[in-house]
Each structure stands twice: as structure tokens, then as C-alpha cells.
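A.B. asks: Enclosed is the structure file upload20.txt (compact mmCIF, C-alpha atoms and all ligand atoms).
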# COMPACT_ATOMS: atom_id res chain seq x y z
CA MET A 111 -55.92 2.70 -11.39
CA LYS A 112 -55.11 5.23 -14.13
CA ARG A 113 -51.51 6.38 -14.46
CA GLU A 114 -52.38 10.06 -13.74
CA GLN A 115 -54.38 9.08 -10.66
CA MET A 116 -51.53 6.87 -9.44
CA LYS A 117 -49.14 9.78 -9.88
CA GLU A 118 -51.42 12.05 -7.85
CA ASN A 119 -51.75 9.58 -5.00
CA HIS A 120 -48.07 8.81 -4.73
CA SER A 121 -45.29 10.47 -2.83
CA PRO A 122 -42.71 12.10 -5.10
CA PHE A 123 -40.01 9.76 -6.40
CA ASN A 124 -37.47 11.74 -4.41
CA TRP A 125 -37.36 15.01 -2.54
CA PRO A 126 -33.97 16.70 -2.44
CA HIS A 127 -33.12 17.87 1.03
CA MET A 128 -31.95 21.49 1.19
CA THR A 129 -29.93 22.51 4.22
CA GLY A 130 -30.77 26.23 3.92
CA LYS A 131 -27.13 27.27 3.52
CA GLU A 132 -26.92 26.71 -0.24
CA LEU A 133 -27.73 30.34 -1.15
CA TYR A 134 -25.30 31.60 1.46
CA TYR A 135 -22.42 29.71 -0.15
CA ILE A 136 -23.57 30.57 -3.69
CA ALA A 137 -22.90 34.21 -2.73
CA GLU A 138 -19.22 33.42 -2.11
CA PRO A 139 -18.13 33.03 -5.75
CA LYS A 140 -20.11 36.18 -6.52
CA PHE A 141 -17.97 38.19 -4.13
CA ASN A 142 -14.62 36.56 -4.75
CA GLY A 143 -15.10 36.77 -8.53
CA ARG A 144 -14.42 33.09 -9.16
CA LEU A 145 -17.00 31.07 -11.07
CA VAL A 146 -14.82 28.60 -12.93
CA GLY A 147 -14.13 25.14 -11.44
CA ASP A 148 -11.28 24.36 -9.04
CA GLY A 149 -11.90 27.48 -6.94
CA PRO A 150 -11.96 27.75 -3.13
CA LEU A 151 -15.35 26.02 -2.69
CA THR A 152 -14.35 23.16 -4.97
CA LYS A 153 -11.17 22.74 -2.93
CA ARG A 154 -13.20 22.62 0.31
CA CYS A 155 -15.29 19.79 -1.18
CA HIS A 156 -12.12 17.98 -2.32
CA ARG A 157 -10.57 18.14 1.15
CA TRP A 158 -13.76 16.86 2.74
CA LEU A 159 -13.90 13.87 0.41
CA GLU A 160 -10.17 13.17 0.80
CA GLU A 161 -10.51 13.12 4.59
CA ARG A 162 -13.59 10.91 4.47
CA THR A 163 -12.24 8.37 2.00
CA GLU A 164 -8.58 8.69 3.03
CA CYS A 165 -7.65 8.79 -0.65
CA ASN A 166 -4.70 10.54 -2.20
CA LYS A 167 -6.84 12.84 -4.37
CA ALA A 168 -10.54 13.54 -4.79
CA SER A 169 -11.84 15.69 -7.59
CA LEU A 170 -15.34 16.97 -8.36
CA LYS A 171 -16.85 16.10 -11.70
CA ARG A 172 -20.00 17.22 -13.52
CA SER A 173 -21.68 13.89 -12.67
CA SER A 174 -20.76 10.40 -11.59
CA THR A 175 -21.20 9.34 -15.22
CA ALA A 176 -18.46 11.85 -16.10
CA ALA A 177 -16.34 10.48 -13.22
CA LEU A 178 -16.72 6.94 -14.61
CA GLU A 179 -15.78 8.19 -18.10
CA VAL A 180 -12.60 9.69 -16.64
CA ALA A 181 -11.94 6.36 -14.88
CA ALA A 182 -12.22 4.55 -18.22
CA LEU A 183 -9.68 7.00 -19.73
CA LEU A 184 -7.34 6.53 -16.76
CA LEU A 185 -7.39 2.78 -17.25
CA GLU A 186 -6.41 3.35 -20.90
CA ILE A 187 -9.08 0.89 -21.87
CA GLN A 188 -8.73 -0.24 -25.48
CA PRO A 189 -11.57 -1.17 -27.84
CA CYS A 190 -12.61 -4.78 -27.25
CA ASP A 191 -11.20 -4.86 -23.69
CA GLU A 192 -13.73 -6.18 -21.19
CA VAL A 193 -14.99 -4.87 -17.86
CA ILE A 194 -16.96 -7.04 -15.43
CA MET A 195 -19.98 -5.36 -13.84
CA PRO A 196 -23.26 -6.38 -12.18
CA SER A 197 -26.19 -7.34 -14.39
CA PHE A 198 -28.53 -5.22 -12.25
CA ILE A 199 -27.28 -1.61 -12.36
CA PHE A 200 -28.00 1.85 -13.64
CA VAL A 201 -26.85 2.41 -17.24
CA ALA A 202 -24.08 4.88 -16.32
CA THR A 203 -21.53 2.23 -15.36
CA ALA A 204 -21.89 0.37 -18.65
CA ASN A 205 -22.08 3.57 -20.73
CA ALA A 206 -18.80 4.96 -19.42
CA PHE A 207 -16.92 1.92 -20.69
CA VAL A 208 -18.99 1.22 -23.80
CA LEU A 209 -18.18 4.76 -25.02
CA ARG A 210 -14.53 3.65 -25.18
CA GLY A 211 -15.43 0.55 -27.17
CA THR A 212 -15.21 -1.71 -24.12
CA VAL A 213 -17.33 -4.85 -23.88
CA PRO A 214 -19.34 -4.98 -20.64
CA ILE A 215 -19.43 -8.46 -19.10
CA PHE A 216 -22.59 -8.61 -17.00
CA VAL A 217 -22.37 -10.97 -14.03
CA HIS A 218 -25.42 -11.96 -11.97
CA VAL A 219 -26.11 -10.22 -8.66
CA ARG A 220 -26.42 -11.84 -5.23
CA ALA A 221 -29.94 -12.57 -4.05
CA ASP A 222 -29.40 -10.76 -0.73
CA ALA A 223 -27.90 -7.29 -1.33
CA LEU A 224 -28.47 -7.34 -5.12
CA ASN A 225 -24.77 -6.58 -5.63
CA LEU A 226 -22.31 -8.24 -8.03
CA ASP A 227 -22.00 -11.90 -6.97
CA GLU A 228 -18.29 -12.28 -6.17
CA ARG A 229 -18.59 -16.10 -6.39
CA LEU A 230 -19.33 -15.85 -10.13
CA ILE A 231 -16.57 -13.42 -11.10
CA GLU A 232 -13.65 -15.79 -11.65
CA ALA A 233 -15.57 -17.92 -14.12
CA ALA A 234 -16.51 -14.76 -16.03
CA ILE A 235 -12.96 -13.46 -16.53
CA PRO A 236 -12.17 -13.87 -20.22
CA SER A 237 -8.73 -13.12 -21.68
CA ARG A 238 -9.28 -9.39 -22.37
CA THR A 239 -10.70 -8.45 -18.97
CA ARG A 240 -9.11 -5.23 -17.66
CA ALA A 241 -11.23 -4.34 -14.66
CA ILE A 242 -14.08 -5.17 -12.30
CA SER A 243 -16.60 -2.41 -11.62
CA PRO A 244 -18.70 -3.27 -8.56
CA VAL A 245 -21.70 -1.04 -7.80
CA HIS A 246 -22.89 -0.74 -4.19
CA HIS A 247 -26.60 -1.01 -4.82
CA ALA A 248 -28.77 1.19 -2.62
CA ASP A 249 -25.65 2.14 -0.68
CA VAL A 250 -25.06 -1.35 0.69
CA ALA A 251 -21.47 -2.49 0.23
CA SER A 252 -20.48 -5.22 -2.21
CA GLU A 253 -18.29 -8.05 -0.87
CA MET A 254 -15.11 -6.02 -1.41
CA ASP A 255 -12.62 -8.34 0.37
CA ALA A 256 -13.40 -11.21 -1.96
CA MET A 257 -13.51 -8.96 -5.00
CA MET A 258 -10.14 -7.33 -4.23
CA GLY A 259 -8.62 -10.81 -3.78
CA ILE A 260 -9.89 -11.95 -7.18
CA ALA A 261 -8.72 -8.69 -8.80
CA ARG A 262 -5.21 -9.01 -7.32
CA LYS A 263 -4.91 -12.61 -8.46
CA ALA A 264 -6.04 -11.83 -12.02
CA GLU A 265 -4.19 -8.45 -12.09
CA LEU A 266 -7.35 -6.45 -12.69
CA LEU A 267 -8.18 -2.94 -11.57
CA VAL A 268 -11.27 -2.29 -9.46
CA VAL A 269 -13.32 0.76 -10.42
CA GLU A 270 -15.81 1.20 -7.59
CA ASP A 271 -19.13 2.88 -8.41
CA THR A 272 -20.28 3.90 -4.96
CA GLU A 273 -23.02 5.91 -6.65
CA GLN A 274 -24.18 7.23 -3.35
CA TRP A 275 -22.37 8.06 -0.24
CA VAL A 276 -19.24 7.81 1.88
CA VAL A 277 -21.29 7.72 5.08
CA SER A 278 -21.72 4.01 4.32
CA ARG A 279 -19.07 1.64 5.62
CA TYR A 280 -17.72 -1.77 4.74
CA LYS A 281 -16.10 -3.49 7.74
CA GLY A 282 -15.11 -0.12 9.19
CA ASN A 283 -13.87 1.44 5.92
CA ALA A 284 -15.80 4.20 4.17
CA LEU A 285 -17.25 3.04 0.88
CA GLY A 286 -14.91 4.44 -1.71
CA GLN A 287 -11.78 3.66 0.29
CA ILE A 288 -11.15 0.30 -1.27
CA GLY A 289 -11.21 0.37 -5.09
CA ASP A 290 -9.15 2.74 -7.23
CA PRO A 291 -10.49 4.90 -8.79
CA VAL A 292 -13.92 5.40 -7.19
CA ALA A 293 -16.91 7.31 -8.59
CA PHE A 294 -19.50 9.18 -6.49
CA SER A 295 -22.77 10.81 -7.53
CA PHE A 296 -24.33 14.01 -6.20
CA HIS A 297 -27.36 13.80 -8.49
CA GLU A 298 -30.60 15.16 -7.06
CA THR A 299 -31.73 11.64 -6.17
CA LYS A 300 -28.73 11.08 -3.88
CA ASN A 301 -28.41 11.73 -0.15
CA VAL A 302 -26.10 14.70 -0.62
CA THR A 303 -26.67 16.64 -3.80
CA SER A 304 -25.64 19.55 -5.98
CA GLY A 305 -28.46 18.90 -8.46
CA GLU A 306 -26.14 17.30 -10.99
CA GLY A 307 -22.66 16.43 -9.80
CA GLY A 308 -20.15 13.74 -9.04
CA ALA A 309 -16.60 13.04 -7.94
CA LEU A 310 -13.72 10.70 -8.55
CA SER A 311 -11.38 9.65 -5.75
CA MET A 312 -8.01 8.12 -6.51
CA SER A 313 -5.35 6.50 -4.37
CA CYS A 314 -2.70 5.96 -7.06
CA PRO A 315 -0.69 9.23 -7.43
CA GLU A 316 -0.24 8.64 -11.17
CA PHE A 317 -4.01 8.39 -11.61
CA ALA A 318 -4.39 11.70 -9.79
CA LEU A 319 -1.95 13.54 -12.09
CA CYS A 320 -3.36 11.95 -15.22
CA ALA A 321 -6.96 12.76 -14.22
CA GLU A 322 -5.94 16.36 -13.67
CA ARG A 323 -4.83 16.62 -17.32
CA ILE A 324 -7.78 14.66 -18.72
CA CYS A 325 -10.27 16.94 -16.95
CA LYS A 326 -8.52 20.12 -18.12
CA LYS A 327 -9.04 19.35 -21.81
CA GLY A 328 -5.92 17.18 -21.91
CA THR A 329 -3.60 20.08 -20.94
CA ASP A 330 -1.18 20.60 -18.05
CA ARG A 331 -2.97 23.82 -17.07
CA SER A 332 -3.18 22.76 -13.40
CA ARG A 333 0.61 22.52 -13.23
CA PHE A 334 0.86 25.95 -14.87
CA CYS A 335 -1.53 27.38 -12.23
CA ARG A 336 0.72 25.89 -9.50
CA CYS A 337 3.75 27.58 -11.22
CA GLU A 338 5.33 24.18 -11.90
CA VAL A 339 5.66 24.95 -15.65
CA ASP A 340 5.99 28.35 -17.37
CA LYS A 341 3.34 27.66 -20.04
CA TYR A 342 0.69 25.04 -20.59
CA SER A 343 -0.03 22.97 -23.66
CA TRP A 344 -1.99 20.01 -24.96
CA GLN A 345 -0.59 16.76 -23.51
CA GLU A 346 -3.12 14.06 -24.34
CA ALA A 347 -6.77 13.45 -25.21
CA GLY A 348 -9.07 14.96 -22.61
CA SER A 349 -12.28 16.87 -22.16
CA SER A 350 -14.08 19.32 -19.90
CA TYR A 351 -15.24 17.44 -16.82
CA LEU A 352 -15.11 19.99 -13.98
CA PRO A 353 -18.19 21.62 -12.44
CA GLY A 354 -18.14 25.37 -11.73
CA GLU A 355 -18.00 27.02 -8.30
CA LEU A 356 -21.80 27.48 -8.07
CA THR A 357 -22.25 23.70 -8.13
CA ALA A 358 -19.49 23.34 -5.52
CA ALA A 359 -21.24 25.98 -3.36
CA VAL A 360 -24.46 23.92 -3.22
CA LEU A 361 -22.49 20.74 -2.60
CA TRP A 362 -20.43 22.27 0.21
CA ALA A 363 -23.62 23.33 2.03
CA GLN A 364 -24.75 19.70 1.83
CA MET A 365 -21.41 18.15 2.76
CA GLU A 366 -21.33 20.21 5.93
CA GLU A 367 -24.55 18.46 6.98
CA ALA A 368 -23.86 15.02 5.53
CA ASP A 369 -23.98 13.25 8.89
CA ALA A 370 -27.17 15.04 9.95
CA ILE A 371 -28.78 14.12 6.62
CA ALA A 372 -27.79 10.48 7.17
CA HIS A 373 -29.31 10.53 10.68
CA THR A 374 -32.59 11.93 9.44
CA ARG A 375 -32.78 9.34 6.68
CA LEU A 376 -32.09 6.61 9.21
CA ALA A 377 -35.02 7.84 11.29
CA CYS A 378 -37.28 7.58 8.20
CA TRP A 379 -36.00 4.10 7.32
CA ASP A 380 -37.67 2.48 10.29
CA PHE A 381 -41.10 3.64 9.10
CA TYR A 382 -40.98 1.95 5.72
CA PRO A 383 -41.57 -1.71 6.61
CA ILE A 384 -45.35 -1.83 6.93
CA MET A 385 -46.20 -5.35 5.75
CA PRO A 386 -46.55 -7.87 8.58
CA ASP A 387 -43.54 -10.11 9.28
CA SER A 388 -45.68 -13.10 8.28
CA PHE A 389 -45.49 -11.93 4.65
CA GLU A 390 -41.73 -12.32 4.76
CA GLN A 391 -41.94 -15.65 6.57
CA ARG A 392 -44.31 -16.96 3.88
CA GLY A 393 -41.93 -15.80 1.11
CA LEU A 394 -44.40 -13.25 -0.24
CA GLN A 395 -42.17 -10.30 0.36
CA ARG A 396 -38.52 -9.52 1.12
CA ARG A 397 -37.10 -6.48 2.86
CA PRO A 398 -33.55 -5.17 2.21
CA ILE A 399 -30.88 -7.47 3.65
CA ILE A 400 -27.95 -5.61 5.19
CA ALA A 401 -25.18 -7.70 6.74
CA SER A 402 -24.30 -6.63 10.28
CA GLU A 403 -20.73 -5.63 9.36
CA PHE A 404 -22.02 -3.07 6.83
CA GLN A 405 -23.21 0.38 7.81
CA HIS A 406 -25.45 1.86 5.14
CA ALA A 407 -26.63 5.43 4.57
CA THR A 408 -30.28 4.53 3.95
CA HIS A 409 -30.14 5.70 0.38
CA MET A 410 -32.98 3.56 -0.87
CA TYR A 411 -35.64 1.41 0.72
CA TYR A 412 -37.05 -1.36 -1.47
CA GLU A 413 -39.15 -4.46 -1.04
CA LEU A 414 -39.26 -7.43 -3.36
CA THR A 415 -42.73 -8.94 -3.58
CA SER A 416 -43.89 -12.22 -5.08
CA ALA A 417 -46.38 -12.18 -7.97
CA GLU A 418 -49.23 -13.08 -5.57
CA VAL A 419 -48.94 -9.77 -3.74
CA ASP A 420 -50.91 -6.75 -4.96
CA CYS A 421 -48.01 -4.38 -5.57
CA GLN A 422 -50.18 -1.29 -6.01
CA ARG A 423 -51.68 -1.85 -2.58
CA VAL A 424 -48.25 -2.24 -1.01
CA VAL A 425 -47.08 0.99 -2.70
CA ALA A 426 -50.16 2.87 -1.45
CA MET A 427 -49.56 1.60 2.11
CA GLN A 428 -45.91 2.53 1.78
CA ASP A 429 -46.86 6.06 0.68
CA SER A 430 -48.95 6.66 3.76
CA ALA A 431 -46.14 5.25 5.92
CA LEU A 432 -43.76 7.69 4.24
CA THR A 433 -46.10 10.62 4.89
CA ARG A 434 -46.22 9.65 8.57
CA SER A 435 -42.45 9.36 8.74
CA ILE A 436 -41.95 12.74 7.08
CA ALA A 437 -44.29 14.36 9.58
CA LYS A 438 -42.54 12.64 12.46
CA VAL A 439 -38.99 13.65 11.62
CA ASN A 440 -40.06 17.09 10.45
CA TRP A 441 -38.14 16.53 7.24
CA LEU A 442 -39.90 19.31 5.37
CA GLN A 443 -40.05 21.73 8.32
C1 LIG B 501 -25.00 3.08 -9.85
C2 LIG B 501 -25.10 4.43 -10.47
N1 LIG B 501 -24.02 4.91 -11.11
C3 LIG B 501 -24.06 6.12 -11.68
C4 LIG B 501 -25.21 6.89 -11.66
C5 LIG B 501 -25.23 8.19 -12.41
O1 LIG B 501 -25.12 9.28 -11.62
P1 LIG B 501 -24.98 10.71 -12.28
O2 LIG B 501 -26.38 11.18 -12.58
O3 LIG B 501 -24.30 11.53 -11.22
O4 LIG B 501 -24.17 10.58 -13.51
C6 LIG B 501 -26.34 6.45 -11.00
C7 LIG B 501 -27.55 7.30 -10.94
O5 LIG B 501 -28.52 7.04 -10.31
C8 LIG B 501 -26.30 5.18 -10.40
O6 LIG B 501 -27.37 4.68 -9.77
Translate the structure described by the file into C-alpha cells.
C.D. replies:
Amino acid sequence: MKREQMKENHSPFNWPHMTGKELYYIAEPKFNGRLVGDGPLTKRCHRWLEERTECNKASLKRSSTAALEVAALLLEIQPCDEVIMPSFIFVATANAFVLRGTVPIFVHVRADALNLDERLIEAAIPSRTRAISPVHHADVASEMDAMMGIARKAELLVVEDTEQWVVSRYKGNALGQIGDPVAFSFHETKNVTSGEGGALSMSCPEFALCAERICKKGTDRSRFCRCEVDKYSWQEAGSSYLPGELTAAVLWAQMEEADAIAHTRLACWDFYPIMPDSFEQRGLQRRPIIASEFQHATHMYYELTSAEVDCQRVVAMQDSALTRSIAKVNWLQ
């Protein structure tokens, strides 16, 4: 099949869900005259994330890549330090550290959830390792208990890249409640989106204060705005990482409906498996494996197929299953 024809026949790669309230909230900054970041809508999003992740401080960023870059600055990573991360991830996690001269140490992923294999971490810790950065692939939690144990023993920090969503849970805890700091993405491909966007949550109070300076171009402007100092000045190296209020407006409309969005996605999830169980039994195909103690937010459905299976046919069948599921849950109204 030609590429163009395949494109025509396929469902879109992703379809951002709009709640309908985005424009309503976008009008708010217009009327209160506040477009810059850290305004009332941004603060609403911060509170929501802080409540959900029970962290000390959450802060919106322009993307999760930006959030990970801030995390690398917080860790005061030095050139040639090493950070352990999964070998199967999106480039953002590696980029954030590589930009600081860090060496990424790629460790194989588990065959079940495709997350960093915690059993291989200890052997991969060389002398200059500073942190472990697990990524919860497709919104399914990594084995955080084991990873935190290894990190404590080796005195490493754990920078969690949840990538997707705090609706997911690991043994009762929201994803993003365990590592410190933790990056989230609100990119258009994610369950809750502001087009481009991200956040960093932090439990350590020193991280929170330091991140505040880093994100305000390395100044103590936030303290000045809180009347804690009578002028602000350059304190350390930093950059401009905050999104404006219009981005926060779109995000707030989505956060308000985060649980409803998760429910709708869950309803769609059940329509995806269309290949007969016998395929799985014969080892021709494998559906996502989600351990019973993990609650996921159905960010991504995937199937691994063996070389004998005609992938194009599976994708075409999947597309028609998706169309049926969309119609059924009235996703597009
Ligand atoms: C694991 C992971 N980390 C980070 C990102 C980057 O997100 P953003 O576009 O918000 O920078 C992605 C994007 O898909 C991702 O999958």
C-alpha cells in the first residue's frame, strides 16, 4: 500500500479532546489584564497538581522537556556525570541531561510493561552516577518500590518522567508522588493538554525555591513579588521556562475534566483488542500487560506482533475498531 493511501485510510495519530470550556477560560486573562505566567489561572493549575500528587510545590513549564531541563539544573549535574534511564524512551529524557554534558546510561526495559528493568540497574551504576530517571511508558507505572530502594542505597536522586498523567496510580499512590522532582507533559498527544505544556512537581522545599529562581531567568523576582525582598537581582544561571496565562487557561479547562477524560478513554480501551486470543496464546501477538496493583490512565494502546503477522492488516482492523469505539462513546459529539 502506498504511504499516501495508508495515511488516508488510517485514523489520526491522536485527536486532542477539547472540553468546550477552553475559550471561556481564555477570556479570563483578557479581562483581568494578566497574560504573563504565574497568574491566577496558572496558580489554579498548580494547586490542582499539588493536591493530586501531594507534593510540596508544582509549577507549570512550557513543556515536559523544559521541566526535565529544570530538573537537570536542580540536580546540579556536572559534565560527565551519569544518569540511568530506560533504553526505550522518547528523546526528551536523554536530551534534558545531555544538554548539561551528562552521559545517559541506557538500561534495558522489562519485557512486560516496557519500563526500565529495575533488576538491571545496580549492575549499571558506575562511579559518576547521579540519578535514575524512570519513564512510565504508556502511563503504566515503573517498579518504583524497587527503584527507590536501589536509589536510597546508592544515594542517587530519582527524576520521574511520568510523561502523561496523575490519574494513573502505583500501589495507591498517584504517579508523580514518588520520585523528586517529577516531570509531566501536557503536549497535544497527552490525555490532558494545553497544546504544548508541562509541569514539574517537587517534594524537597529547597528544590522548590531553587526552581523558582531558575525559571525566572535566575533571579529572585518571585520573592520580590511576594514582598520578601525590596528589589530583585540575578542570583544564578537560569532561563525562561514559564508558560503564559493563555496556556494555563486551556490547561485549567482540561484539568477540571481530567477524571471524565480518563473515564472516556477507559471506555475506548476495551474496543482496541480485536485479534483473537489464540494469536496471543500462539505467541504471535502481545497486548499491553498491566499488573493488577497499577491503575493506568489508558494513555496508549499498543500491540507487539511477531514477524509472521501482517502488521498492516492488524493496523487496518484496529482502525475500524477505533472508529466503532469513537462512535460508541460519542467522543467527537
Ligand atoms: C517520556 C516522554 N517524556 C517527555 C516527552 C516530551 O513532552 P513535551 O512535548 O511536553 O516536552 C514525551 C513526549 O511524548 C515523552 O513521551
A.B. asks: Find the residues near region 338-343 of chain A: any atom within 10 Å, counting all atoms listed in the file, skip ones fewer than 4 places away on the same chain, and give them as a PDB file with C-alpha atoms, in the coordinates of the input.
C.D. replies:
ATOM      1  CA  LYS A 327      -9.040  19.350 -21.810  1.00  0.00           C
ATOM      2  CA  GLY A 328      -5.920  17.180 -21.910  1.00  0.00           C
ATOM      3  CA  THR A 329      -3.600  20.080 -20.940  1.00  0.00           C
ATOM      4  CA  ASP A 330      -1.180  20.600 -18.050  1.00  0.00           C
ATOM      5  CA  ARG A 331      -2.970  23.820 -17.070  1.00  0.00           C
ATOM      6  CA  SER A 332      -3.180  22.760 -13.400  1.00  0.00           C
ATOM      7  CA  ARG A 333       0.610  22.520 -13.230  1.00  0.00           C
ATOM      8  CA  PHE A 334       0.860  25.950 -14.870  1.00  0.00           C
TER       9      PHE A 334
END
A.B. asks: Between A:Gly305, A:Gly348, A:Gly259, A:Pro189, which is the closest to Thr239 (chain A) once you count all atoms listed in the file?
C.D. replies: A:Pro189
A.B. asks: Rounded to one decimal, what separation in Å do you get between CA of Thr299 (chain A) and CA of Met128 (chain A)?
C.D. replies: 12.3 Å
A.B. asks: Could I get the residues of chain A with an atom no further than 7 Å from an atom of ligand LIG 501 (chain B), each paired with its nearest atom pair and that distance in Å to one decimal, using all atoms listed in the file, sorted by chain and residue number, as a tab-separated table?
C.D. replies:
residue	atom	partner	partner_atom	distance
A:Ser173	CA	B:LIG501	O3	3.8
A:Ser174	CA	B:LIG501	O3	3.7
A:Thr175	CA	B:LIG501	O4	3.6
A:Ala176	CA	B:LIG501	O4	6.4
A:Ile199	CA	B:LIG501	C1	5.8
A:Phe200	CA	B:LIG501	O6	4.8
A:Ala202	CA	B:LIG501	C3	4.8
A:Thr203	CA	B:LIG501	N1	5.6
A:Val245	CA	B:LIG501	C1	5.7
A:His247	CA	B:LIG501	C1	6.7
A:Asp271	CA	B:LIG501	N1	5.9
A:Thr272	CA	B:LIG501	C1	6.8
A:Glu273	CA	B:LIG501	C2	4.6
A:Ser295	CA	B:LIG501	O3	4.1
A:Phe296	CA	B:LIG501	O3	5.6
A:His297	CA	B:LIG501	O3	4.7
A:Thr299	CA	B:LIG501	O5	7.0
A:Glu306	CA	B:LIG501	O3	6.1
A:Gly307	CA	B:LIG501	O3	5.4
A:Gly308	CA	B:LIG501	O3	5.2
A.B. asks: What's the 10 Å shell around Glu355 (chain A), counting only C-alpha atoms, without same-chain residues fewer than 2 positions away, as JSON, numbers by chain?
C.D. replies: {"A": [135, 136, 138, 139, 140, 144, 145, 146, 147, 148, 149, 150, 151, 152, 153, 352, 353, 357, 358, 359, 360, 361]}
A.B. asks: Do you have the CA of Ser349 (chain A)-CA of Lys171 (chain A) distance handy?
C.D. replies: 11.4 Å
A.B. asks: So how many Å separate CA of Thr212 (chain A) and CA of Cys190 (chain A), to one decimal?
C.D. replies: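 Separation between CA of Thr212 (chain A) and CA of Cys190 (chain A): 5.1 Å.
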A.B. asks: Which protein, DNA or RNA residues are at most 9 Å from (-35.1, 15.6, -0.1) in the file's coordinates when you count only C-alpha atoms, listed as a PyMOL selection string?
C.D. replies: chain A and resi 124-128+298-301+441-442
A.B. asks: Give me the residues within 12 Å of Leu226 (chain A) as a count of residues only, counting only C-alpha atoms and dropping any in the same chain fewer than 4 places off.
C.D. replies: 32
A.B. asks: Find the residues with any atom within 6 Å of (-14.2, 8.8, -10.3); use only C-alpha atoms and the coordinates as given in the file, and write the answer as a PDB file with C-alpha atoms, in the coordinates of the input.
C.D. replies:
ATOM      1  CA  ALA A 177     -16.340  10.480 -13.220  1.00  0.00           C
ATOM      2  CA  LEU A 178     -16.720   6.940 -14.610  1.00  0.00           C
ATOM      3  CA  ALA A 181     -11.940   6.360 -14.880  1.00  0.00           C
ATOM      4  CA  PRO A 291     -10.490   4.900  -8.790  1.00  0.00           C
ATOM      5  CA  VAL A 292     -13.920   5.400  -7.190  1.00  0.00           C
ATOM      6  CA  ALA A 293     -16.910   7.310  -8.590  1.00  0.00           C
ATOM      7  CA  ALA A 309     -16.600  13.040  -7.940  1.00  0.00           C
ATOM      8  CA  LEU A 310     -13.720  10.700  -8.550  1.00  0.00           C
ATOM      9  CA  SER A 311     -11.380   9.650  -5.750  1.00  0.00           C
TER      10      SER A 311
END
A.B. asks: Taking all atoms listed in the file into account, which of A:Asp290, A:Glu403, A:Glu367, A:Asp387 comes nearest Ala182 (chain A)?
C.D. replies: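 Of A:Asp290, A:Glu403, A:Glu367, A:Asp387, the one nearest Ala182 (chain A), counting all atoms listed in the file, is A:Asp290.
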A.B. asks: Go through A:Tyr134, A:Phe317, A:Tyr280, A:Trp362 and flag the residue nearest Asn166 (chain A), using all atoms listed in the file for the distances.
C.D. replies: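 Selected residue with least distance to Asn166 (chain A): A:Phe317.
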A.B. asks: Looking at all atoms listed in the file, which of A:Leu184, A:Ala206, A:Ala223, A:Ala347 is the one that sits closest to Glu316 (chain A)?
C.D. replies: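 Closest residue, counting all atoms listed in the file: A:Leu184.
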A.B. asks: Pick the closest to Tyr412 (chain A) from A:Cys320, A:Ser313, A:Arg262, A:Ala248: which is it, counting only C-alpha atoms?
C.D. replies: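 Nearest candidate to Tyr412 (chain A) out of A:Cys320, A:Ser313, A:Arg262, A:Ala248: A:Ala248.
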